[in-house]
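For reference, start-v1.txt (compact mmCIF, C-alpha atoms (C1' of nucleotides)):
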```txt
# COMPACT_ATOMS: atom_id res chain seq x y z
CA MET A 1 -1.50 12.53 16.72
CA VAL A 2 1.58 13.79 15.08
CA GLU A 3 2.67 14.30 11.55
CA ASP A 4 -0.11 12.79 9.45
CA SER A 5 1.08 13.57 5.97
CA PRO A 6 -1.29 12.28 3.30
CA GLU A 7 1.26 13.42 0.73
CA LEU A 8 3.91 11.10 2.13
CA ASP A 9 1.32 8.35 2.39
CA ALA A 10 0.58 8.75 -1.31
CA VAL A 11 4.20 8.98 -2.40
CA PHE A 12 5.41 6.00 -0.42
CA HIS A 13 2.39 4.01 -1.52
CA ALA A 14 3.10 4.90 -5.12
CA LEU A 15 6.67 3.68 -4.71
CA ALA A 16 5.55 0.42 -3.11
CA HIS A 17 4.87 -1.32 -6.42
CA ASP A 18 7.54 -2.51 -8.76
CA ALA A 19 5.63 -1.60 -11.91
CA ARG A 20 5.33 2.00 -10.77
CA ARG A 21 9.00 2.22 -9.84
CA VAL A 22 9.85 0.92 -13.30
CA MET A 23 7.65 3.61 -14.80
CA LEU A 24 9.40 6.33 -12.83
CA ARG A 25 12.78 4.96 -13.76
CA ARG A 26 11.92 5.10 -17.43
CA LEU A 27 10.38 8.53 -17.13
CA ALA A 28 13.70 9.74 -15.75
CA ARG A 29 15.07 9.22 -19.24
CA GLY A 30 12.38 11.30 -20.85
CA GLU A 31 8.71 11.68 -21.53
CA LEU A 32 6.65 8.62 -22.40
CA THR A 33 3.07 7.96 -23.34
CA VAL A 34 0.82 5.71 -21.27
CA GLY A 35 1.15 3.04 -23.93
CA GLN A 36 4.91 3.25 -23.90
CA LEU A 37 4.93 3.03 -20.13
CA ALA A 38 2.71 -0.05 -20.31
CA GLU A 39 4.66 -1.79 -23.03
CA PRO A 40 7.37 -3.60 -21.01
CA LEU A 41 4.97 -4.49 -18.20
CA ARG A 42 3.31 -7.87 -18.15
CA MET A 43 -0.18 -6.57 -17.65
CA SER A 44 -3.03 -5.08 -19.63
CA LEU A 45 -2.99 -1.49 -20.77
CA ALA A 46 -5.91 -0.79 -18.45
CA ALA A 47 -3.93 -2.03 -15.46
CA ALA A 48 -0.91 0.04 -16.44
CA SER A 49 -3.18 3.03 -16.89
CA LYS A 50 -4.31 2.61 -13.29
CA HIS A 51 -0.71 2.61 -12.13
CA VAL A 52 -0.08 5.82 -14.02
CA LYS A 53 -3.03 7.34 -12.24
CA VAL A 54 -1.61 6.31 -8.87
CA LEU A 55 1.63 8.06 -9.77
CA GLU A 56 -0.33 11.06 -10.95
CA ASN A 57 -2.33 11.25 -7.73
CA ALA A 58 0.91 11.16 -5.76
CA GLY A 59 2.14 14.10 -7.84
CA LEU A 60 4.95 12.05 -9.32
CA VAL A 61 3.74 12.22 -12.89
CA GLU A 62 2.41 15.08 -14.92
CA ARG A 63 0.20 14.26 -17.87
CA THR A 64 -0.19 16.26 -21.05
CA VAL A 65 -2.89 15.16 -23.45
CA MET A 66 -1.60 15.53 -26.98
CA GLY A 67 -4.29 14.44 -29.31
CA ARG A 68 -5.06 10.84 -28.59
CA ARG A 69 -1.79 10.31 -26.75
CA HIS A 70 -1.24 11.05 -23.07
CA VAL A 71 2.35 12.11 -22.58
CA CYS A 72 3.72 11.59 -19.08
CA ARG A 73 6.53 13.48 -17.48
CA LEU A 74 8.34 12.89 -14.21
CA ARG A 75 7.72 15.31 -11.38
CA SER A 76 10.44 14.79 -8.83
CA ALA A 77 9.41 17.22 -6.10
CA PRO A 78 7.41 14.66 -4.12
CA LEU A 79 10.35 12.29 -4.33
CA ALA A 80 12.46 14.99 -2.74
CA GLY A 81 9.94 15.13 0.09
CA ALA A 82 10.20 11.41 0.60
CA ALA A 83 13.98 11.57 0.52
CA ALA A 84 13.95 14.38 3.05
CA TRP A 85 11.88 12.24 5.36
CA LEU A 86 14.34 9.38 4.98
CA ARG A 87 17.33 11.62 5.45
CA PHE A 88 16.41 11.96 9.11
CA TYR A 89 17.55 8.35 9.51
CA GLU A 90 20.84 8.76 7.71
CA ARG A 91 22.55 9.08 11.06
CA PHE A 92 21.69 5.46 11.80
CA TRP A 93 22.84 3.93 8.58
CA ASP A 94 26.43 3.32 9.44
CA GLU A 95 26.12 1.99 12.94
CA ARG A 96 29.86 1.65 13.26
CA ILE A 97 30.25 5.39 12.75
CA ASP A 98 27.30 6.01 14.98
CA ALA A 99 28.84 4.00 17.80
CA LEU A 100 32.12 5.83 17.34
CA GLU A 101 30.34 9.16 17.54
CA ARG A 102 28.63 8.09 20.71
CA VAL A 103 32.01 7.47 22.28
CA LEU A 104 33.58 10.64 20.93
CA ASP A 105 30.71 13.04 21.59
CA ARG A 106 29.52 11.90 25.00
CA PRO A 107 32.34 9.88 26.54
CA HIS A 108 31.11 10.14 30.13
CA THR A 109 27.33 10.23 29.70
CA PRO A 110 25.97 8.46 32.77
CA ASP A 111 22.39 7.64 31.69
CA ALA A 112 22.00 4.26 30.11
CA THR A 113 18.83 5.21 28.22
CA PRO A 114 19.65 5.46 24.53
CA ALA A 115 19.09 9.11 23.79
CA ARG A 116 18.44 10.76 20.45
CA PRO A 117 21.79 10.56 18.74
CA GLN A 118 23.72 13.75 18.32
CA VAL A 119 23.71 15.19 14.86
CA SER A 120 27.12 14.21 13.66
CA ALA A 121 29.56 16.51 11.95
CA LYS A 122 29.20 14.20 8.95
CA ALA A 123 25.44 14.65 8.93
CA SER A 124 25.61 18.39 9.57
CA ALA A 125 27.87 18.82 6.58
CA ARG A 126 25.24 17.29 4.32
CA SER A 127 23.02 19.70 2.52
CA HIS A 128 19.31 19.70 3.34
CA THR A 129 19.76 17.67 6.51
CA PRO A 130 16.78 18.70 8.61
CA GLU A 131 17.48 19.78 12.17
CA GLU A 132 13.99 18.81 13.22
CA ALA A 133 11.97 15.76 12.45
CA PRO A 134 10.16 16.33 9.14
CA MET B 1 12.39 -5.99 -17.95
CA VAL B 2 13.09 -4.62 -14.67
CA GLU B 3 14.09 -4.70 -11.12
CA ASP B 4 11.37 -6.47 -9.12
CA SER B 5 12.55 -5.89 -5.58
CA PRO B 6 10.16 -7.33 -3.01
CA GLU B 7 12.34 -5.75 -0.34
CA LEU B 8 11.71 -2.26 -1.69
CA ASP B 9 8.03 -3.12 -2.07
CA ALA B 10 7.89 -4.03 1.61
CA VAL B 11 9.87 -1.03 2.82
CA PHE B 12 7.95 1.56 0.82
CA HIS B 13 4.68 -0.08 1.78
CA ALA B 14 5.71 0.01 5.44
CA LEU B 15 6.44 3.72 5.11
CA ALA B 16 3.10 4.41 3.42
CA HIS B 17 1.15 4.65 6.67
CA ASP B 18 1.40 7.50 9.09
CA ALA B 19 1.13 5.33 12.19
CA ARG B 20 4.12 3.30 11.09
CA ARG B 21 6.18 6.38 10.29
CA VAL B 22 5.39 7.69 13.76
CA MET B 23 6.57 4.41 15.23
CA LEU B 24 9.84 4.60 13.36
CA ARG B 25 10.33 8.20 14.37
CA ARG B 26 9.90 7.31 18.03
CA LEU B 27 12.12 4.26 17.72
CA ALA B 28 14.86 6.55 16.47
CA ARG B 29 15.00 7.94 19.99
CA GLY B 30 15.41 4.54 21.56
CA GLU B 31 13.88 1.15 22.11
CA LEU B 32 10.18 0.89 22.87
CA THR B 33 7.78 -1.90 23.67
CA VAL B 34 4.76 -2.66 21.52
CA GLY B 35 2.54 -1.11 24.17
CA GLN B 36 4.61 2.05 24.26
CA LEU B 37 4.53 2.26 20.48
CA ALA B 38 0.76 1.87 20.54
CA GLU B 39 0.14 4.37 23.32
CA PRO B 40 -0.02 7.67 21.35
CA LEU B 41 -1.91 6.09 18.47
CA ARG B 42 -5.68 6.31 18.30
CA MET B 43 -6.25 2.65 17.70
CA SER B 44 -6.43 -0.61 19.59
CA LEU B 45 -3.34 -2.39 20.78
CA ALA B 46 -4.10 -5.22 18.39
CA ALA B 47 -4.12 -2.81 15.46
CA ALA B 48 -0.84 -1.27 16.54
CA SER B 49 0.59 -4.74 16.96
CA LYS B 50 -0.23 -5.43 13.31
CA HIS B 51 1.61 -2.28 12.27
CA VAL B 52 4.64 -3.38 14.24
CA LYS B 53 4.53 -6.65 12.37
CA VAL B 54 4.44 -4.84 9.04
CA LEU B 55 7.55 -2.93 10.06
CA GLU B 56 9.15 -6.15 11.23
CA ASN B 57 8.40 -7.91 7.95
CA ALA B 58 10.01 -5.04 6.09
CA GLY B 59 13.11 -5.47 8.25
CA LEU B 60 12.69 -2.05 9.78
CA VAL B 61 12.11 -3.25 13.31
CA GLU B 62 13.85 -5.89 15.36
CA ARG B 63 11.95 -7.44 18.22
CA THR B 64 13.37 -8.85 21.42
CA VAL B 65 10.97 -10.66 23.68
CA MET B 66 11.82 -9.84 27.27
CA GLY B 67 9.39 -11.68 29.45
CA ARG B 68 5.93 -10.48 28.61
CA ARG B 69 7.22 -7.35 26.91
CA HIS B 70 8.27 -7.16 23.29
CA VAL B 71 11.02 -4.60 22.95
CA CYS B 72 11.36 -3.08 19.49
CA ARG B 73 14.44 -1.56 18.01
CA LEU B 74 14.96 0.38 14.78
CA ARG B 75 16.83 -1.32 11.98
CA SER B 76 17.83 1.34 9.52
CA ALA B 77 19.49 -0.72 6.82
CA PRO B 78 16.32 -1.12 4.71
CA LEU B 79 15.75 2.62 4.97
CA ALA B 80 19.18 3.11 3.50
CA GLY B 81 18.13 0.91 0.60
CA ALA B 82 15.05 3.02 0.02
CA ALA B 83 17.07 6.21 0.23
CA ALA B 84 19.58 4.83 -2.25
CA TRP B 85 16.76 4.14 -4.65
CA LEU B 86 15.49 7.70 -4.25
CA ARG B 87 18.94 9.18 -4.58
CA PHE B 88 18.89 8.27 -8.26
CA TYR B 89 16.35 11.08 -8.71
CA GLU B 90 18.31 13.71 -6.81
CA ARG B 91 19.51 15.06 -10.11
CA PHE B 92 15.96 16.14 -10.94
CA TRP B 93 15.09 17.87 -7.71
CA ASP B 94 16.31 21.32 -8.51
CA GLU B 95 14.91 21.78 -11.97
CA ARG B 96 16.34 25.27 -12.26
CA ILE B 97 19.84 23.84 -11.89
CA ASP B 98 18.93 20.99 -14.17
CA ALA B 99 17.80 23.35 -16.90
CA LEU B 100 20.95 25.40 -16.51
CA GLU B 101 23.04 22.27 -16.84
CA ARG B 102 21.19 21.33 -20.00
CA VAL B 103 22.18 24.64 -21.53
CA LEU B 104 25.77 24.49 -20.29
CA ASP B 105 26.50 20.84 -21.07
CA ARG B 106 24.81 20.43 -24.44
CA PRO B 107 24.29 23.90 -25.89
CA HIS B 108 23.87 22.76 -29.48
CA THR B 109 22.22 19.38 -29.12
CA PRO B 110 20.02 19.02 -32.17
CA ASP B 111 17.74 16.14 -31.12
CA ALA B 112 14.55 17.26 -29.45
CA THR B 113 14.09 14.01 -27.58
CA PRO B 114 14.88 14.64 -23.93
CA ALA B 115 17.82 12.40 -23.20
CA ARG B 116 18.96 11.04 -19.85
CA PRO B 117 20.32 14.10 -18.11
CA GLN B 118 24.05 14.27 -17.70
CA VAL B 119 25.29 13.56 -14.23
CA SER B 120 26.08 17.03 -13.02
CA ALA B 121 29.21 18.02 -11.18
CA LYS B 122 26.96 18.76 -8.25
CA ALA B 123 25.47 15.28 -8.36
CA SER B 124 28.82 13.64 -8.90
CA ALA B 125 30.19 15.41 -5.87
CA ARG B 126 27.50 13.87 -3.70
CA SER B 127 28.51 10.78 -1.83
CA HIS B 128 26.75 7.52 -2.65
CA THR B 129 25.26 8.83 -5.87
CA PRO B 130 24.80 5.67 -7.93
CA GLU B 131 26.13 5.73 -11.46
CA GLU B 132 23.66 3.10 -12.55
CA ALA B 133 20.02 2.68 -11.80
CA PRO B 134 19.66 0.73 -8.55
C1' DT C 1 -15.57 9.60 -43.88
C1' DC C 2 -13.99 5.37 -42.27
C1' DG C 3 -11.02 2.54 -39.90
C1' DA C 4 -7.15 2.12 -36.91
C1' DC C 5 -5.18 3.87 -32.82
C1' DG C 6 -4.48 5.41 -27.89
C1' DT C 7 -6.81 5.77 -23.72
C1' DA C 8 -10.23 5.92 -20.30
C1' DC C 9 -14.00 4.00 -17.92
C1' DA C 10 -17.14 0.62 -15.93
C1' DA C 11 -17.99 -3.74 -14.16
C1' DC C 12 -16.27 -7.46 -12.08
C1' DC C 13 -13.22 -10.54 -9.28
C1' DA C 14 -9.76 -12.09 -5.79
C1' DT C 15 -6.94 -10.67 -2.39
C1' DA C 16 -4.80 -7.30 0.80
C1' DT C 17 -5.26 -3.78 4.20
C1' DG C 18 -6.66 -1.58 8.35
C1' DG C 19 -9.59 -1.60 11.80
C1' DT C 20 -12.55 -3.87 15.58
C1' DT C 21 -13.70 -7.24 19.50
C1' DG C 22 -13.04 -11.32 22.24
C1' DA C 23 -10.30 -14.93 23.73
C1' DG C 24 -6.13 -16.91 25.12
C1' DA C 25 -0.98 -17.40 26.41
C1' DA C 26 2.93 -16.02 28.94
C1' DT C 27 4.83 -13.55 32.55
C1' DC C 28 5.27 -10.61 36.54
C1' DT C 29 3.72 -9.43 41.29
C1' DC C 30 1.71 -10.11 45.54
C1' DG D 1 -1.73 -19.70 43.29
C1' DA D 2 -4.52 -15.56 41.98
C1' DG D 3 -4.77 -11.62 39.60
C1' DA D 4 -2.90 -8.04 36.77
C1' DT D 5 -0.07 -7.04 32.76
C1' DT D 6 1.60 -7.43 27.98
C1' DC D 7 0.94 -9.07 23.87
C1' DT D 8 -0.66 -12.31 20.02
C1' DC D 9 -4.15 -14.62 17.53
C1' DA D 10 -8.57 -15.54 15.37
C1' DA D 11 -12.70 -13.99 13.55
C1' DC D 12 -15.01 -10.57 11.47
C1' DC D 13 -16.01 -6.30 8.72
C1' DA D 14 -15.47 -2.44 5.34
C1' DT D 15 -12.74 -0.71 2.04
C1' DA D 16 -8.65 -0.51 -1.00
C1' DT D 17 -5.73 -2.64 -4.32
C1' DG D 18 -4.42 -4.90 -8.47
C1' DG D 19 -5.81 -7.37 -12.02
C1' DT D 20 -9.09 -8.72 -15.92
C1' DT D 21 -12.42 -7.96 -20.00
C1' DG D 22 -15.54 -5.26 -22.67
C1' DT D 23 -17.06 -0.86 -24.24
C1' DA D 24 -16.81 3.83 -25.64
C1' DC D 25 -14.69 8.13 -26.88
C1' DG D 26 -11.69 11.34 -29.19
C1' DT D 27 -8.05 11.61 -32.72
C1' DC D 28 -5.15 10.58 -36.58
C1' DG D 29 -4.38 9.15 -41.32
C1' DA D 30 -5.70 7.47 -45.75
```
Would you encode the structure as structure tokens?
Amino acid sequence: MVEDSPELDAVFHALAHDARRVMLRRLARGELTVGQLAEPLRMSLAAASKHVKVLENAGLVERTVMGRRHVCRLRSAPLAGAAAWLRFYERFWDERIDALERVLDRPHTPDATPARPQVSAKASARSHTPEEAP
Amino acid sequence: MVEDSPELDAVFHALAHDARRVMLRRLARGELTVGQLAEPLRMSLAAASKHVKVLENAGLVERTVMGRRHVCRLRSAPLAGAAAWLRFYERFWDERIDALERVLDRPHTPDATPARPQVSAKASARSHTPEEAP
DNA sequence: TCGACGTACAACCATATGGTTGAGAATCTC
DNA sequence: GAGATTCTCAACCATATGGTTGTACGTCGA
């Protein structure tokens, strides 16, 4: 059923390894070759090369072959997709605020079943907050 | 080097499977038992139970055993951690704006090396935007 | 042109993941 | 107490993941 987003699968999987997160973090500062990406990591170049490929498959890294060097560049769009998915849960992060909103928005709601929380004014004010589940 | 956050590893890995994302999405509407979480999924109860455990290990689900039923509840704090990590890259999402800022902020920068982008006014205005890499 | 360099690729290994089925272990209901 | 319900656990399987080493290929520089 349901969403079934292979893209999100790939992005979240790519983010689920420290070495790859380190690579992304460094790529945020500028382009780097595969060798440069591998350098601070305590693993072989071949292993690092595999990690780069995982990032590439998730669309997070763009590779330009320049002679013998493979220059990698961050592509942030898939990260935005992941962040959009997470943003749906922003309303739950501060449970204190959430509880307050429950009291303020629906002070006399009789049903005890915890319903989908109202979209708060705070959340509505945020840009890109999806109205529907992504 | 580096960050090395097993928590982030666990959270991103938990999010890297559609079935688990569906579970979280449904838990956002209220508490559900393991059986209820498994119901819409095309897999055995045992398989779904494993997915619940993955979510639990990542801190995303809290379980309360009520008799023979295991009631699951969303815990959003780890999601907030993941979102905070992603928020670092917000500055790259709209590349059009980013390019504009490059021109506006450093019109005569001589070095060709792409430096860490300046934190834009737009990004600075956003709440929770970390100044340092998380 | 020759050697060093930067990577990829293949083969291999150990372990993790995601699924199944079958067998309990509690717990509720009658 | 007997049977149904809810869920975990163990065993098993296929495949994916993350690492290694060795080899090969294109490219740069002297």
What are the residues of chain B lining chain A at 7 Å or less? Count all atoms listed in the file, and put the answer as a ChimeraX atom specification. /B:1-2,4-5,8-10,12-13,15-18,28-30,40-41,76-77,79-80,83,86,89,92-93,114-116
Using all atoms listed in the file, I'd like every residue of chain B that has an atom within 12 Å of chain C; please write them out as a PDB file with C-alpha atoms, in the frame of the given file.
```pdb
ATOM      1  CA  HIS B  13       4.680  -0.080   1.780  1.00  0.00           C
ATOM      2  CA  ALA B  14       5.710   0.010   5.440  1.00  0.00           C
ATOM      3  CA  ALA B  16       3.100   4.410   3.420  1.00  0.00           C
ATOM      4  CA  HIS B  17       1.150   4.650   6.670  1.00  0.00           C
ATOM      5  CA  ALA B  19       1.130   5.330  12.190  1.00  0.00           C
ATOM      6  CA  ARG B  42      -5.680   6.310  18.300  1.00  0.00           C
ATOM      7  CA  MET B  43      -6.250   2.650  17.700  1.00  0.00           C
ATOM      8  CA  SER B  44      -6.430  -0.610  19.590  1.00  0.00           C
ATOM      9  CA  LEU B  45      -3.340  -2.390  20.780  1.00  0.00           C
ATOM     10  CA  ALA B  46      -4.100  -5.220  18.390  1.00  0.00           C
ATOM     11  CA  ALA B  47      -4.120  -2.810  15.460  1.00  0.00           C
ATOM     12  CA  ALA B  48      -0.840  -1.270  16.540  1.00  0.00           C
ATOM     13  CA  SER B  49       0.590  -4.740  16.960  1.00  0.00           C
ATOM     14  CA  LYS B  50      -0.230  -5.430  13.310  1.00  0.00           C
ATOM     15  CA  HIS B  51       1.610  -2.280  12.270  1.00  0.00           C
ATOM     16  CA  VAL B  54       4.440  -4.840   9.040  1.00  0.00           C
ATOM     17  CA  VAL B  65      10.970 -10.660  23.680  1.00  0.00           C
ATOM     18  CA  MET B  66      11.820  -9.840  27.270  1.00  0.00           C
ATOM     19  CA  GLY B  67       9.390 -11.680  29.450  1.00  0.00           C
ATOM     20  CA  ARG B  68       5.930 -10.480  28.610  1.00  0.00           C
ATOM     21  CA  ARG B  69       7.220  -7.350  26.910  1.00  0.00           C
ATOM     22  CA  HIS B  70       8.270  -7.160  23.290  1.00  0.00           C
TER      23      HIS B  70
END
```
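Take the candidates D:DT8, D:DT21, D:DG29, D:DG1 and check each one against chain B using only C-alpha atoms (C1' of nucleotides); the shortest distance goes to D:DT8.
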Define the interface residues of chain D facing chain B as those within 12 Å, counting all atoms listed in the file, and report them as a JSON list (two decimals) with C-alpha atoms (C1' of nucleotides), in the frame of the given file.
```json
[["chain", "number", "residue", "atom", "x", "y", "z"],
["D", 5, "DT", "C1'", -0.07, -7.04, 32.76],
["D", 6, "DT", "C1'", 1.60, -7.43, 27.98],
["D", 7, "DC", "C1'", 0.94, -9.07, 23.87],
["D", 8, "DT", "C1'", -0.66, -12.31, 20.02],
["D", 9, "DC", "C1'", -4.15, -14.62, 17.53],
["D", 10, "DA", "C1'", -8.57, -15.54, 15.37]]
```
